[in-house]
>>> print(open('input_7.txt').read())   # compact mmCIF, C-alpha atoms
# COMPACT_ATOMS: atom_id res chain seq x y z
CA ALA X 14 -61.05 -48.22 -4.48
CA GLN X 15 -61.33 -46.61 -1.07
CA MET X 16 -64.87 -45.55 -0.24
CA SER X 17 -65.59 -41.93 0.61
CA THR X 18 -66.56 -41.24 4.25
CA VAL X 19 -68.50 -38.45 5.96
CA SER X 20 -65.17 -36.97 7.05
CA ASP X 21 -63.93 -36.97 3.42
CA ALA X 22 -67.14 -35.24 2.29
CA CYS X 23 -66.63 -32.48 4.88
CA SER X 24 -62.99 -31.99 3.81
CA ARG X 25 -63.92 -31.81 0.11
CA TYR X 26 -66.66 -29.30 0.87
CA LEU X 27 -64.20 -27.02 2.72
CA VAL X 28 -61.86 -27.11 -0.29
CA HIS X 29 -64.86 -26.22 -2.49
CA LEU X 30 -65.81 -23.28 -0.22
CA LYS X 31 -62.26 -21.90 -0.15
CA ALA X 32 -62.12 -22.01 -3.95
CA ASN X 33 -65.60 -20.68 -4.71
CA LYS X 34 -66.86 -18.73 -1.69
CA THR X 35 -65.25 -16.64 1.05
CA ASP X 36 -62.82 -17.44 3.87
CA TYR X 37 -65.63 -16.48 6.24
CA ALA X 38 -67.90 -19.19 4.79
CA ALA X 39 -65.12 -21.81 4.88
CA ASN X 40 -64.09 -20.97 8.47
CA ASP X 41 -67.71 -20.98 9.64
CA ALA X 42 -68.38 -24.39 8.04
CA GLU X 43 -65.11 -25.82 9.40
CA ALA X 44 -66.00 -24.77 12.96
CA ARG X 45 -69.46 -26.35 12.64
CA PHE X 46 -68.03 -29.60 11.23
CA ASN X 47 -65.42 -29.82 14.02
CA ASN X 48 -67.96 -29.12 16.75
CA TYR X 49 -70.92 -31.13 15.54
CA VAL X 50 -69.97 -33.72 12.90
CA LEU X 51 -66.32 -34.80 13.12
CA ASN X 52 -66.40 -35.03 16.93
CA ASN X 53 -68.77 -37.96 16.43
CA LYS X 54 -66.05 -40.45 15.47
CA LYS X 55 -68.45 -43.17 14.37
CA LEU X 56 -70.41 -40.84 12.09
CA ALA X 57 -67.24 -39.23 10.68
CA ALA X 58 -65.83 -42.66 9.73
CA THR X 59 -69.07 -43.91 8.14
CA GLU X 60 -68.86 -44.57 4.41
CA LEU X 61 -71.30 -42.35 2.51
CA SER X 62 -72.88 -45.37 0.83
CA LYS X 63 -73.65 -46.86 4.26
CA LEU X 64 -75.23 -43.75 5.79
CA THR X 65 -78.82 -44.37 6.89
CA PRO X 66 -81.76 -42.02 7.56
CA ALA X 67 -81.91 -43.40 11.13
CA GLN X 68 -78.27 -42.45 11.75
CA LEU X 69 -78.86 -38.89 10.55
CA GLU X 70 -82.11 -38.62 12.51
CA SER X 71 -80.19 -39.61 15.64
CA TRP X 72 -77.44 -37.02 14.84
CA ARG X 73 -80.05 -34.32 14.37
CA LYS X 74 -81.75 -35.20 17.68
CA SER X 75 -78.45 -35.11 19.59
CA LEU X 76 -77.65 -31.72 18.00
CA ARG X 77 -81.02 -30.40 19.17
CA GLU X 78 -80.16 -31.42 22.77
CA LEU X 79 -76.75 -29.71 22.78
CA PRO X 80 -76.66 -26.37 24.64
CA THR X 81 -75.37 -23.26 22.81
CA ARG X 82 -71.64 -22.64 23.20
CA SER X 83 -71.39 -18.87 22.93
CA GLY X 84 -73.21 -15.56 23.18
CA GLY X 85 -75.82 -14.36 25.65
CA ASN X 86 -77.73 -17.63 25.41
CA ARG X 87 -74.66 -19.75 26.25
CA GLY X 88 -75.75 -22.99 27.89
CA GLY X 89 -79.37 -22.47 26.82
CA ARG X 90 -81.42 -24.41 24.30
CA ARG X 91 -80.23 -24.04 20.71
CA SER X 92 -82.55 -21.98 18.55
CA THR X 93 -84.16 -23.59 15.52
CA SER X 94 -82.32 -21.17 13.21
CA THR X 95 -78.94 -22.20 14.74
CA LEU X 96 -79.86 -25.85 14.26
CA ASN X 97 -80.73 -25.09 10.62
CA ARG X 98 -77.35 -23.41 10.03
CA ASP X 99 -75.49 -26.43 11.45
CA MET X 100 -77.53 -28.80 9.30
CA THR X 101 -77.22 -26.65 6.17
CA CYS X 102 -73.45 -26.92 5.82
CA PHE X 103 -73.51 -30.67 6.61
CA ARG X 104 -76.26 -31.20 4.04
CA ALA X 105 -74.32 -29.11 1.49
CA ALA X 106 -71.19 -31.26 2.05
CA LEU X 107 -73.18 -34.45 1.47
CA ASN X 108 -74.93 -32.98 -1.58
CA LEU X 109 -71.57 -32.04 -3.12
CA ALA X 110 -70.33 -35.61 -2.59
CA TYR X 111 -73.49 -36.85 -4.35
CA LEU X 112 -73.01 -34.40 -7.25
CA ASP X 113 -69.38 -35.45 -7.57
CA GLY X 114 -70.35 -39.11 -7.79
CA GLN X 115 -68.85 -40.11 -4.42
CA VAL X 116 -72.20 -41.70 -3.54
CA THR X 117 -75.03 -42.82 -5.82
CA THR X 118 -78.06 -41.56 -3.84
CA ASP X 119 -78.97 -38.78 -1.42
CA PHE X 120 -81.74 -40.88 0.14
CA ALA X 121 -80.13 -41.01 3.63
CA TRP X 122 -80.19 -37.25 4.21
CA ARG X 123 -82.78 -35.93 1.73
CA SER X 124 -85.56 -35.69 4.34
CA LYS X 125 -83.59 -35.98 7.59
CA LEU X 126 -81.47 -32.84 7.11
CA ARG X 127 -84.25 -30.71 5.66
CA PRO X 128 -84.35 -27.23 7.25
CA ILE X 129 -87.03 -26.60 9.86
CA LYS X 130 -89.61 -24.19 8.47
CA ASP X 131 -90.28 -20.73 9.97
CA ALA X 132 -87.09 -20.89 12.02
CA ASP X 133 -86.03 -17.28 11.66
CA GLN X 134 -88.40 -15.75 14.15
CA ARG X 135 -85.89 -12.98 14.91
CA ARG X 136 -86.71 -11.33 11.58
CA GLU X 137 -90.31 -10.90 12.66
CA LEU X 138 -89.45 -8.61 15.58
CA TYR X 139 -89.68 -5.01 14.41
CA LEU X 140 -88.87 -1.90 16.47
CA ASP X 141 -90.41 1.38 15.34
CA ARG X 142 -88.44 4.63 15.49
CA ALA X 143 -89.67 5.51 19.00
CA GLN X 144 -88.62 2.08 20.32
CA ARG X 145 -85.22 2.37 18.66
CA LEU X 146 -84.70 5.77 20.28
CA LYS X 147 -85.68 4.32 23.67
CA PHE X 148 -83.18 1.47 23.07
CA ILE X 149 -80.38 3.99 22.43
CA GLU X 150 -81.33 6.37 25.27
CA THR X 151 -81.53 3.56 27.86
CA ALA X 152 -78.18 2.00 26.92
CA PRO X 153 -74.79 2.87 28.49
CA ALA X 154 -72.93 5.46 26.37
CA ASP X 155 -70.55 3.05 24.61
CA LEU X 156 -73.35 0.61 23.70
CA ALA X 157 -75.62 3.52 22.71
CA ALA X 158 -73.10 4.53 20.01
CA LEU X 159 -73.10 0.99 18.57
CA LEU X 160 -76.92 0.88 18.60
CA ARG X 161 -77.12 4.31 16.94
CA GLY X 162 -74.82 3.04 14.19
CA LEU X 163 -77.09 0.01 13.67
CA CYS X 164 -80.13 2.30 13.50
CA GLN X 165 -78.54 4.35 10.72
CA LEU X 166 -77.23 1.62 8.43
CA PRO X 167 -78.58 -1.90 7.67
CA LEU X 168 -75.34 -3.63 8.66
CA ARG X 169 -74.82 -6.91 10.45
CA PRO X 170 -73.83 -6.08 14.04
CA GLY X 171 -70.55 -7.98 13.64
CA ALA X 172 -69.65 -6.02 10.49
CA LEU X 173 -70.26 -2.68 12.22
CA ALA X 174 -68.30 -3.76 15.30
CA LYS X 175 -65.26 -4.67 13.19
CA LEU X 176 -65.01 -1.30 11.44
CA THR X 177 -61.93 0.77 12.20
CA ALA X 178 -61.52 4.54 12.12
CA GLY X 179 -59.58 4.07 8.85
CA ASP X 180 -62.66 2.53 7.20
CA PHE X 181 -64.39 5.92 7.22
CA ASP X 182 -63.26 8.43 4.58
CA ARG X 183 -64.14 11.78 6.17
CA ARG X 184 -63.50 13.75 3.01
CA LEU X 185 -65.66 11.65 0.68
CA LYS X 186 -68.15 10.65 3.43
CA VAL X 187 -67.78 7.02 2.40
CA LEU X 188 -67.77 4.02 4.74
CA LYS X 189 -65.90 0.90 3.62
CA ILE X 190 -67.38 -2.37 4.89
CA GLY X 191 -64.68 -4.99 4.50
CA HIS X 192 -65.51 -7.58 7.14
CA ASP X 193 -68.84 -9.01 6.22
CA LYS X 194 -70.53 -12.34 5.63
CA SER X 195 -70.93 -11.46 1.95
CA GLY X 196 -67.12 -11.51 1.67
CA LYS X 197 -66.71 -8.57 -0.69
CA ASP X 198 -65.64 -5.07 0.29
CA ARG X 199 -68.36 -2.57 -0.31
CA ARG X 200 -68.48 1.18 0.00
CA ILE X 201 -71.50 3.13 1.21
CA LYS X 202 -71.82 6.84 0.42
CA LEU X 203 -73.33 8.42 3.53
CA PRO X 204 -75.76 11.33 3.76
CA ASP X 205 -74.43 14.33 5.72
CA VAL X 206 -76.35 13.54 8.90
CA THR X 207 -74.99 9.96 9.06
CA ALA X 208 -71.49 11.05 8.01
CA GLU X 209 -71.49 13.49 10.93
CA PHE X 210 -72.10 10.63 13.38
CA PHE X 211 -69.17 8.59 12.00
CA ASP X 212 -67.03 11.71 11.73
CA THR X 213 -67.43 12.30 15.48
CA ALA X 214 -66.83 8.59 16.19
CA SER X 215 -63.55 8.54 14.24
CA LYS X 216 -62.21 11.83 15.64
CA ASP X 217 -58.69 11.68 17.12
CA LYS X 218 -58.48 7.91 16.53
CA LEU X 219 -55.64 6.04 14.86
CA PRO X 220 -56.75 4.34 11.59
CA ALA X 221 -56.53 0.86 13.16
CA ALA X 222 -58.61 1.76 16.25
CA PRO X 223 -62.21 0.49 16.47
CA LEU X 224 -64.59 3.04 14.96
CA LEU X 225 -67.21 2.32 17.65
CA SER X 226 -65.43 0.94 20.70
CA ARG X 227 -66.37 -0.20 24.16
CA ALA X 228 -65.65 2.12 27.11
CA ASP X 229 -62.22 0.45 27.55
CA GLY X 230 -61.31 1.15 23.91
CA LYS X 231 -61.64 -2.49 22.81
CA ALA X 232 -63.77 -3.56 19.84
CA TRP X 233 -67.27 -4.87 20.45
CA ASN X 234 -68.12 -8.50 19.67
CA LYS X 235 -71.11 -10.78 20.11
CA ASP X 236 -70.06 -11.92 23.58
CA SER X 237 -69.45 -8.40 24.89
CA TRP X 238 -72.69 -6.82 23.65
CA LYS X 239 -75.11 -9.69 24.46
CA GLY X 240 -75.29 -9.04 28.24
CA PRO X 241 -75.58 -5.22 28.12
CA ILE X 242 -78.17 -5.45 25.32
CA LYS X 243 -80.27 -7.92 27.31
CA THR X 244 -80.20 -5.60 30.35
CA THR X 245 -81.04 -2.55 28.21
CA VAL X 246 -83.93 -4.37 26.51
CA GLU X 247 -85.39 -5.28 29.93
CA THR X 248 -84.93 -1.75 31.36
CA ALA X 249 -86.41 -0.08 28.26
CA LEU X 250 -89.36 -2.53 28.29
CA LEU X 251 -88.69 -3.54 24.68
CA PRO X 252 -90.21 -6.77 23.24
CA ASP X 253 -88.73 -10.05 24.52
CA GLY X 254 -86.19 -11.43 22.08
CA THR X 255 -84.94 -8.01 20.92
CA THR X 256 -81.27 -8.30 19.92
CA ALA X 257 -78.68 -6.22 18.07
CA TYR X 258 -79.86 -8.03 14.91
CA THR X 259 -83.42 -6.74 15.45
CA LEU X 260 -82.15 -3.27 14.51
CA ARG X 261 -80.79 -4.54 11.18
CA HIS X 262 -84.16 -6.13 10.42
CA SER X 263 -86.04 -2.96 11.43
CA VAL X 264 -83.84 -0.71 9.28
CA ILE X 265 -84.11 -3.00 6.22
CA SER X 266 -87.91 -3.12 6.73
CA ASP X 267 -88.06 0.69 6.70
CA LEU X 268 -85.93 0.98 3.56
CA VAL X 269 -88.10 -1.52 1.69
CA HIS X 270 -91.32 -0.01 2.99
CA ASP X 271 -90.20 3.48 1.98
CA GLY X 272 -89.79 2.28 -1.60
CA LEU X 273 -86.00 1.97 -2.01
CA ASP X 274 -85.39 -0.55 -4.80
CA LEU X 275 -84.50 -4.04 -3.61
CA LEU X 276 -81.17 -4.17 -5.46
CA THR X 277 -79.91 -1.07 -3.61
CA VAL X 278 -81.24 -2.39 -0.28
CA ALA X 279 -79.44 -5.69 -0.91
CA GLN X 280 -76.17 -3.93 -1.87
CA ILE X 281 -75.97 -1.71 1.19
CA SER X 282 -77.11 -4.55 3.47
CA GLY X 283 -74.48 -6.92 2.07
CA THR X 284 -76.91 -9.63 1.08
CA SER X 285 -78.71 -10.95 -2.00
CA VAL X 286 -81.82 -9.57 -3.67
CA ALA X 287 -83.32 -13.08 -3.26
CA MET X 288 -82.85 -12.89 0.52
CA ILE X 289 -84.42 -9.41 0.68
CA GLU X 290 -87.35 -10.59 -1.46
CA ARG X 291 -87.85 -13.70 0.65
CA HIS X 292 -87.95 -11.90 4.00
CA TYR X 293 -89.14 -8.41 3.10
CA GLY X 294 -90.99 -8.77 -0.21
CA HIS X 295 -94.39 -8.63 1.51
CA LEU X 296 -93.67 -5.01 2.52
CA ARG X 297 -93.64 -4.02 -1.15
CA SER X 298 -97.42 -4.40 -1.37
CA ASP X 299 -97.90 -1.19 0.67
CA VAL X 300 -95.47 0.64 -1.61
CA ALA X 301 -97.35 -0.64 -4.65
CA ALA X 302 -100.70 0.40 -3.14
CA GLY X 303 -99.34 3.90 -2.54
CA ALA X 304 -98.05 4.13 -6.10
CA LEU X 305 -101.42 2.95 -7.46
CA ALA X 306 -103.26 5.51 -5.28
CA ARG X 307 -101.16 8.28 -6.86
CA LEU X 308 -102.39 7.18 -10.29
CA ALA X 309 -106.02 7.78 -9.39
CA LEU X 310 -107.64 10.65 -11.31
>>> encode(input="input_7.txt", output="structure tokens")
Amino acid sequence: AQMSTVSDACSRYLVHLKANKTDYAANDAEARFNNYVLNNKKLAATELSKLTPAQLESWRKSLRELPTRSGGNRGGRRSTSTLNRDMTCFRAALNLAYLDGQVTTDFAWRSKLRPIKDADQRRELYLDRAQRLKFIETAPADLAALLRGLCQLPLRPGALAKLTAGDFDRRLKVLKIGHDKSGKDRRIKLPDVTAEFFDTASKDKLPAAPLLSRADGKAWNKDSWKGPIKTTVETALLPDGTTAYTLRHSVISDLVHDGLDLLTVAQISGTSVAMIERHYGHLRSDVAAGALARLAL
């Protein structure tokens, strides 16, 4: 019988993702495999049973040395969280092969592809309301609208950027988020003040037009907002490392801190309760303390 290779494991994992997860997850994993695993011909052709910890250690080291390929940090050193994401899908592909009996042990990668702890530093940066306002007021008008949107809803920047005018129901004041990492469409009922912002943004636009567009009418994306955000952050004297994603983290922090239940926070953020608990659970202690104080006689 033909032995299963690293390349086979990656292919099987993509089939698994397409059947059980979202197209987004499958496309993301496929891009990472093509860029970082399958381009290493020797590694790709290695039989799973012959994989060694040393081989995977060497792969991990070479990945660490690679510069980033996109975004504002293009050409710079890869962040630890990016390295973790590249390793995670490779590890998952190898684990699936192990579960499916394609290889009899996971010894080669068990410790070598373990995620690096405390990688997600970006979630620790928090902007208070005054800083968020400064961020918006310092930005050029088109970017300011995108930032204001991110300050009003805990959306991923990419999900907000992909919204079209047709995704906002003016009559019901409901925003449909259809392009998100979580894969499922979700609808968010907006309060009047937020609905007013999106109402103005969608005015006189065709349904397919970007809801929050750049000055030239094109949709925002990671590459187009990185530069202007970096400049705005410097001009507004905001903390180093502030990104569009910092606003999502800040908004989620406020919702949790203000006592909104974690299930609702997870639903409107398009993530899992487990993720919210892992990154924001510590904020609940203040809410609990406040609730206990109100019990005092």
>>> atom_distance(input="input_7.txt", atom1="atom CA of Leu296 of chain X", atom2="atom CA of Thr277 of chain X")
15.6 Å
>>> closest_residue(input="input_7.txt", among="X:Leu188, X:Ala22, X:Ala279, X:Leu305", to="Leu112 of chain X", atoms="all atoms listed in the file")
X:Ala22
>>> closest_residue(input="input_7.txt", among="X:Thr118, X:Ser266, X:Thr284, X:Asn97", to="Thr65 of chain X", atoms="only C-alpha atoms")
X:Thr118
>>> residues_around(input="input_7.txt", residues="segment 75-77 of chain X", least_positions_apart="6", cutoff="9 Å", atoms="only C-alpha atoms", output="list of chain:residue names")
X:Tyr49, X:Arg90, X:Arg91, X:Ser92, X:Thr93, X:Leu96, X:Asp99
>>> atom_distance(input="input_7.txt", atom1="atom CA of Asp267 of chain X", atom2="atom CA of Glu150 of chain X")
20.6 Å
>>> atom_distance(input="input_7.txt", atom1="atom CA of Asp41 of chain X", atom2="atom CA of His29 of chain X")
13.5 Å
>>> decode(input="input_7.txt", residues="segment 261-305 of chain X", atoms="N, CA and C atoms", output="PDB file, in the first residue's frame")
ATOM      1  N   ARG X 261     -11.993  46.532  17.579  1.00  0.00           N
ATOM      2  CA  ARG X 261     -12.858  45.371  17.870  1.00  0.00           C
ATOM      3  C   ARG X 261     -12.626  44.892  19.307  1.00  0.00           C
ATOM      4  N   HIS X 262     -11.356  44.775  19.680  1.00  0.00           N
ATOM      5  CA  HIS X 262     -11.018  44.325  21.035  1.00  0.00           C
ATOM      6  C   HIS X 262     -11.566  45.297  22.083  1.00  0.00           C
ATOM      7  N   SER X 263     -11.419  46.593  21.827  1.00  0.00           N
ATOM      8  CA  SER X 263     -11.867  47.609  22.786  1.00  0.00           C
ATOM      9  C   SER X 263     -13.380  47.571  22.967  1.00  0.00           C
ATOM     10  N   VAL X 264     -14.093  47.405  21.853  1.00  0.00           N
ATOM     11  CA  VAL X 264     -15.564  47.373  21.902  1.00  0.00           C
ATOM     12  C   VAL X 264     -16.057  46.113  22.626  1.00  0.00           C
ATOM     13  N   ILE X 265     -15.442  44.964  22.322  1.00  0.00           N
ATOM     14  CA  ILE X 265     -15.829  43.725  23.015  1.00  0.00           C
ATOM     15  C   ILE X 265     -15.549  43.867  24.514  1.00  0.00           C
ATOM     16  N   SER X 266     -14.397  44.450  24.854  1.00  0.00           N
ATOM     17  CA  SER X 266     -14.049  44.654  26.273  1.00  0.00           C
ATOM     18  C   SER X 266     -15.130  45.470  26.980  1.00  0.00           C
ATOM     19  N   ASP X 267     -15.592  46.535  26.324  1.00  0.00           N
ATOM     20  CA  ASP X 267     -16.621  47.391  26.930  1.00  0.00           C
ATOM     21  C   ASP X 267     -17.931  46.631  27.128  1.00  0.00           C
ATOM     22  N   LEU X 268     -18.311  45.848  26.118  1.00  0.00           N
ATOM     23  CA  LEU X 268     -19.576  45.099  26.224  1.00  0.00           C
ATOM     24  C   LEU X 268     -19.528  44.110  27.384  1.00  0.00           C
ATOM     25  N   VAL X 269     -18.397  43.411  27.509  1.00  0.00           N
ATOM     26  CA  VAL X 269     -18.250  42.428  28.591  1.00  0.00           C
ATOM     27  C   VAL X 269     -18.208  43.147  29.944  1.00  0.00           C
ATOM     28  N   HIS X 270     -17.446  44.220  29.996  1.00  0.00           N
ATOM     29  CA  HIS X 270     -17.287  44.965  31.244  1.00  0.00           C
ATOM     30  C   HIS X 270     -18.607  45.574  31.703  1.00  0.00           C
ATOM     31  N   ASP X 271     -19.435  45.971  30.721  1.00  0.00           N
ATOM     32  CA  ASP X 271     -20.731  46.582  31.067  1.00  0.00           C
ATOM     33  C   ASP X 271     -21.790  45.552  31.432  1.00  0.00           C
ATOM     34  N   GLY X 272     -21.417  44.274  31.386  1.00  0.00           N
ATOM     35  CA  GLY X 272     -22.305  43.236  31.905  1.00  0.00           C
ATOM     36  C   GLY X 272     -23.182  42.533  30.885  1.00  0.00           C
ATOM     37  N   LEU X 273     -22.958  42.788  29.571  1.00  0.00           N
ATOM     38  CA  LEU X 273     -23.737  42.061  28.559  1.00  0.00           C
ATOM     39  C   LEU X 273     -23.334  40.587  28.634  1.00  0.00           C
ATOM     40  N   ASP X 274     -24.318  39.689  28.578  1.00  0.00           N
ATOM     41  CA  ASP X 274     -23.994  38.265  28.734  1.00  0.00           C
ATOM     42  C   ASP X 274     -23.085  37.785  27.603  1.00  0.00           C
ATOM     43  N   LEU X 275     -22.223  36.832  27.927  1.00  0.00           N
ATOM     44  CA  LEU X 275     -21.179  36.409  26.996  1.00  0.00           C
ATOM     45  C   LEU X 275     -21.732  35.768  25.725  1.00  0.00           C
ATOM     46  N   LEU X 276     -22.879  35.100  25.832  1.00  0.00           N
ATOM     47  CA  LEU X 276     -23.466  34.476  24.643  1.00  0.00           C
ATOM     48  C   LEU X 276     -23.846  35.558  23.627  1.00  0.00           C
ATOM     49  N   THR X 277     -24.478  36.635  24.102  1.00  0.00           N
ATOM     50  CA  THR X 277     -24.881  37.720  23.200  1.00  0.00           C
ATOM     51  C   THR X 277     -23.652  38.417  22.621  1.00  0.00           C
ATOM     52  N   VAL X 278     -22.638  38.645  23.457  1.00  0.00           N
ATOM     53  CA  VAL X 278     -21.396  39.262  22.966  1.00  0.00           C
ATOM     54  C   VAL X 278     -20.796  38.389  21.862  1.00  0.00           C
ATOM     55  N   ALA X 279     -20.756  37.075  22.102  1.00  0.00           N
ATOM     56  CA  ALA X 279     -20.189  36.143  21.114  1.00  0.00           C
ATOM     57  C   ALA X 279     -20.992  36.172  19.815  1.00  0.00           C
ATOM     58  N   GLN X 280     -22.333  36.198  19.925  1.00  0.00           N
ATOM     59  CA  GLN X 280     -23.188  36.177  18.734  1.00  0.00           C
ATOM     60  C   GLN X 280     -22.987  37.418  17.870  1.00  0.00           C
ATOM     61  N   ILE X 281     -22.991  38.599  18.512  1.00  0.00           N
ATOM     62  CA  ILE X 281     -22.855  39.800  17.678  1.00  0.00           C
ATOM     63  C   ILE X 281     -21.424  40.000  17.185  1.00  0.00           C
ATOM     64  N   SER X 282     -20.453  39.386  17.897  1.00  0.00           N
ATOM     65  CA  SER X 282     -19.051  39.505  17.464  1.00  0.00           C
ATOM     66  C   SER X 282     -18.698  38.460  16.407  1.00  0.00           C
ATOM     67  N   GLY X 283     -19.549  37.445  16.254  1.00  0.00           N
ATOM     68  CA  GLY X 283     -19.270  36.392  15.278  1.00  0.00           C
ATOM     69  C   GLY X 283     -18.159  35.471  15.717  1.00  0.00           C
ATOM     70  N   THR X 284     -18.171  35.127  17.011  1.00  0.00           N
ATOM     71  CA  THR X 284     -17.150  34.216  17.519  1.00  0.00           C
ATOM     72  C   THR X 284     -17.788  33.292  18.541  1.00  0.00           C
ATOM     73  N   SER X 285     -16.977  32.479  19.214  1.00  0.00           N
ATOM     74  CA  SER X 285     -17.539  31.517  20.165  1.00  0.00           C
ATOM     75  C   SER X 285     -17.514  32.071  21.584  1.00  0.00           C
ATOM     76  N   VAL X 286     -18.389  31.548  22.422  1.00  0.00           N
ATOM     77  CA  VAL X 286     -18.398  31.930  23.836  1.00  0.00           C
ATOM     78  C   VAL X 286     -17.044  31.558  24.453  1.00  0.00           C
ATOM     79  N   ALA X 287     -16.490  30.420  24.038  1.00  0.00           N
ATOM     80  CA  ALA X 287     -15.198  29.962  24.578  1.00  0.00           C
ATOM     81  C   ALA X 287     -14.104  30.998  24.304  1.00  0.00           C
ATOM     82  N   MET X 288     -14.115  31.572  23.070  1.00  0.00           N
ATOM     83  CA  MET X 288     -13.103  32.568  22.727  1.00  0.00           C
ATOM     84  C   MET X 288     -13.288  33.827  23.580  1.00  0.00           C
ATOM     85  N   ILE X 289     -14.538  34.251  23.747  1.00  0.00           N
ATOM     86  CA  ILE X 289     -14.818  35.446  24.566  1.00  0.00           C
ATOM     87  C   ILE X 289     -14.372  35.189  26.006  1.00  0.00           C
ATOM     88  N   GLU X 290     -14.693  34.002  26.524  1.00  0.00           N
ATOM     89  CA  GLU X 290     -14.301  33.678  27.903  1.00  0.00           C
ATOM     90  C   GLU X 290     -12.779  33.660  28.060  1.00  0.00           C
ATOM     91  N   ARG X 291     -12.113  33.105  27.043  1.00  0.00           N
ATOM     92  CA  ARG X 291     -10.657  32.965  27.136  1.00  0.00           C
ATOM     93  C   ARG X 291      -9.972  34.328  27.174  1.00  0.00           C
ATOM     94  N   HIS X 292     -10.435  35.252  26.306  1.00  0.00           N
ATOM     95  CA  HIS X 292      -9.738  36.534  26.188  1.00  0.00           C
ATOM     96  C   HIS X 292     -10.333  37.661  27.020  1.00  0.00           C
ATOM     97  N   TYR X 293     -11.598  37.515  27.401  1.00  0.00           N
ATOM     98  CA  TYR X 293     -12.255  38.635  28.085  1.00  0.00           C
ATOM     99  C   TYR X 293     -12.891  38.247  29.424  1.00  0.00           C
ATOM    100  N   GLY X 294     -12.785  36.962  29.775  1.00  0.00           N
ATOM    101  CA  GLY X 294     -13.429  36.474  30.998  1.00  0.00           C
ATOM    102  C   GLY X 294     -12.991  37.214  32.251  1.00  0.00           C
ATOM    103  N   HIS X 295     -11.705  37.659  32.270  1.00  0.00           N
ATOM    104  CA  HIS X 295     -11.195  38.339  33.467  1.00  0.00           C
ATOM    105  C   HIS X 295     -11.950  39.635  33.755  1.00  0.00           C
ATOM    106  N   LEU X 296     -12.569  40.227  32.705  1.00  0.00           N
ATOM    107  CA  LEU X 296     -13.301  41.487  32.897  1.00  0.00           C
ATOM    108  C   LEU X 296     -14.598  41.271  33.681  1.00  0.00           C
ATOM    109  N   ARG X 297     -15.045  40.006  33.727  1.00  0.00           N
ATOM    110  CA  ARG X 297     -16.309  39.716  34.414  1.00  0.00           C
ATOM    111  C   ARG X 297     -16.185  39.910  35.924  1.00  0.00           C
ATOM    112  N   SER X 298     -14.969  39.855  36.446  1.00  0.00           N
ATOM    113  CA  SER X 298     -14.815  39.966  37.901  1.00  0.00           C
ATOM    114  C   SER X 298     -15.285  41.326  38.404  1.00  0.00           C
ATOM    115  N   ASP X 299     -15.064  42.390  37.600  1.00  0.00           N
ATOM    116  CA  ASP X 299     -15.551  43.725  37.986  1.00  0.00           C
ATOM    117  C   ASP X 299     -17.068  43.770  37.980  1.00  0.00           C
ATOM    118  N   VAL X 300     -17.657  43.108  36.971  1.00  0.00           N
ATOM    119  CA  VAL X 300     -19.125  43.070  36.876  1.00  0.00           C
ATOM    120  C   VAL X 300     -19.681  42.342  38.101  1.00  0.00           C
ATOM    121  N   ALA X 301     -19.034  41.213  38.434  1.00  0.00           N
ATOM    122  CA  ALA X 301     -19.477  40.430  39.597  1.00  0.00           C
ATOM    123  C   ALA X 301     -19.341  41.245  40.882  1.00  0.00           C
ATOM    124  N   ALA X 302     -18.228  41.975  41.014  1.00  0.00           N
ATOM    125  CA  ALA X 302     -18.016  42.793  42.213  1.00  0.00           C
ATOM    126  C   ALA X 302     -19.116  43.852  42.359  1.00  0.00           C
ATOM    127  N   GLY X 303     -19.469  44.442  41.209  1.00  0.00           N
ATOM    128  CA  GLY X 303     -20.532  45.460  41.208  1.00  0.00           C
ATOM    129  C   GLY X 303     -21.873  44.871  41.619  1.00  0.00           C
ATOM    130  N   ALA X 304     -22.135  43.668  41.102  1.00  0.00           N
ATOM    131  CA  ALA X 304     -23.408  42.998  41.425  1.00  0.00           C
ATOM    132  C   ALA X 304     -23.443  42.641  42.919  1.00  0.00           C
ATOM    133  N   LEU X 305     -22.298  42.187  43.446  1.00  0.00           N
ATOM    134  CA  LEU X 305     -22.227  41.839  44.872  1.00  0.00           C
ATOM    135  C   LEU X 305     -22.391  43.088  45.745  1.00  0.00           C
TER     136      LEU X 305
END
